[in-house]
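Comments concern the structure below.
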Amino acid sequence: MGEAFKGANIAVFDFPEFETYPGCARWDETLEQLLALPQVSEQNNVPDAKGGRALSTVHLSDKLNIPKILNFTQDPLGRWLLTNVLYAAADFGLDKTRDIKKMKFHRTWVNRMTKGCDAVAHRHAAPGWNIPHMVAIFYTQVPENSADLVFIDDNSEVMRAGSICEYPADKTHLIQAKAGRLVCHDACILHGTTPHLNDLPRTCIILEIGFAPK
Ligand SMILES: [Fe+2]
C-alpha cells in the first residue's frame, strides 16, 4: 500500500474457496432476477458509470433490501459477510464512538458492469455526514480483466469527479476485484474503478452501512 494509504480505513476479506461454494448459485440466481427487472434493464446508467453499459438497482434501494432478499442472517455467506463488516468497523475504530453491533443498512444494491464500463471517482459520504460510515462491496462475478477498485488520495470535498486515469499513480491504490472478495472502506474515501475489459459481466453487491451512536 502506498504511503498515503497507510492507516486508511480499507479492509479486504476473501471468502474461502468461493468458486466451489455451493451457496453461490442461490445468490447468483437471485441477483440475475433483480438485474432482469424491467425497472433495472430499462434504466439508464447511473452517473458514476461511464464508457459502457452498466446495470444497477441503486434507484430501487428503498424497495430492494439486498441483505433481506439474500437472507444474510440465516445464510452462511451472509453471516460471513456481516461478521467481517463488524471486524472492519472495529479495525476502523468506529467502536470508539459507535455501537457497531447496531448496524443499519442505508442503501443496498446490485451493480453490473459490461465491457468498456468504468466507475468515475466518487464518494458515498462527506466528513460529518450522519450515515453511511462504511461501504462494503462484495464481488460475486469477476471474470479476467475485470474493472478493479481504485482508491484515490484526495482531500478535496468533491463528491464525483473524473476517470481514475486522470489521477497520478502515486495518489492511487488499486485493489483487485475478485469473486468472493469483500472490500470494506470508509464511506468518505474517493474511489472509482479501472475499465471492465471482458465480454462477460462483472457483478457486485454494494452495502452502505451506518452504526448507531453509543
Ligand atoms: Fe463506490
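Letters for chains follow the order of the C-alpha cells (A, B, ...), residue numbers begin at 1 for each chain, and ligand numbers begin at 1 in the order shown.
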
Secondary structure check, helix (DSSP H, G or I) residues of region 83-213 of chain A, as a count of residues only: 18

What do you get as a compact mmCIF listing (two decimals) with N, CA and C atoms, in the first residue's frame if you pick all residues at most 8 Å from ligand 1, counting only C-alpha atoms and all ligand atoms?
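As written to disk, result_21.txt reads:
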# COMPACT_ATOMS: atom_id res chain seq x y z
N HIS A 122 -15.70 8.79 -7.04
CA HIS A 122 -16.87 9.26 -6.27
C HIS A 122 -16.67 8.94 -4.80
N ARG A 123 -17.47 9.60 -3.97
CA ARG A 123 -17.54 9.26 -2.54
C ARG A 123 -18.98 8.92 -2.21
N HIS A 124 -19.16 8.16 -1.12
CA HIS A 124 -20.52 7.84 -0.68
C HIS A 124 -20.97 8.76 0.44
N VAL A 135 -18.73 1.63 3.49
CA VAL A 135 -19.27 0.98 2.29
C VAL A 135 -18.66 -0.40 2.21
N HIS A 191 -13.06 7.07 -4.61
CA HIS A 191 -12.68 5.83 -5.29
C HIS A 191 -13.44 5.69 -6.61
N GLY A 192 -12.93 4.84 -7.45
CA GLY A 192 -13.58 4.53 -8.73
C GLY A 192 -13.05 3.19 -9.19
N ILE A 206 -23.40 -3.80 -3.29
CA ILE A 206 -22.88 -2.65 -2.54
C ILE A 206 -23.78 -2.43 -1.32

CA of Arg181 (chain A) to CA of Phe138 (chain A), straight-line distance in Å: 5.8 Å

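Using only C-alpha atoms, the smallest distance between any of A:Val12, A:Ile131, A:Ala187, A:Ala89 and Ile175 (chain A) comes from A:Val12.
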
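The closest residue to Asp153 (chain A), picked from A:His173, A:Met134, A:Tyr139, A:Ile100 and counting only C-alpha atoms, is A:His173.
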
Env of region 24-33 of chain A: 9 Å cut, atoms = only C-alpha atoms, seq-sep filter 5 positions within chain, self excluded. Answer as a PDB file with C-alpha atoms, in the first residue's frame.
ATOM      1  CA  PHE A  18     -15.809 -19.130  -3.131  1.00  0.00           C
ATOM      2  CA  GLU A  19     -15.754 -20.599  -6.661  1.00  0.00           C
ATOM      3  CA  ILE A  69     -33.588 -10.644  -0.055  1.00  0.00           C
ATOM      4  CA  LEU A  70     -30.465 -12.821   0.325  1.00  0.00           C
ATOM      5  CA  LEU A  77     -22.178 -16.449   3.226  1.00  0.00           C
ATOM      6  CA  VAL A 110     -26.520  -4.718  -7.076  1.00  0.00           C
ATOM      7  CA  THR A 140     -19.950 -12.256  -6.914  1.00  0.00           C
ATOM      8  CA  GLN A 141     -18.944 -12.454 -10.567  1.00  0.00           C
ATOM      9  CA  THR A 203     -21.298  -8.185 -10.717  1.00  0.00           C
ATOM     10  CA  ILE A 205     -23.327  -6.035  -4.191  1.00  0.00           C
TER      11      ILE A 205
END
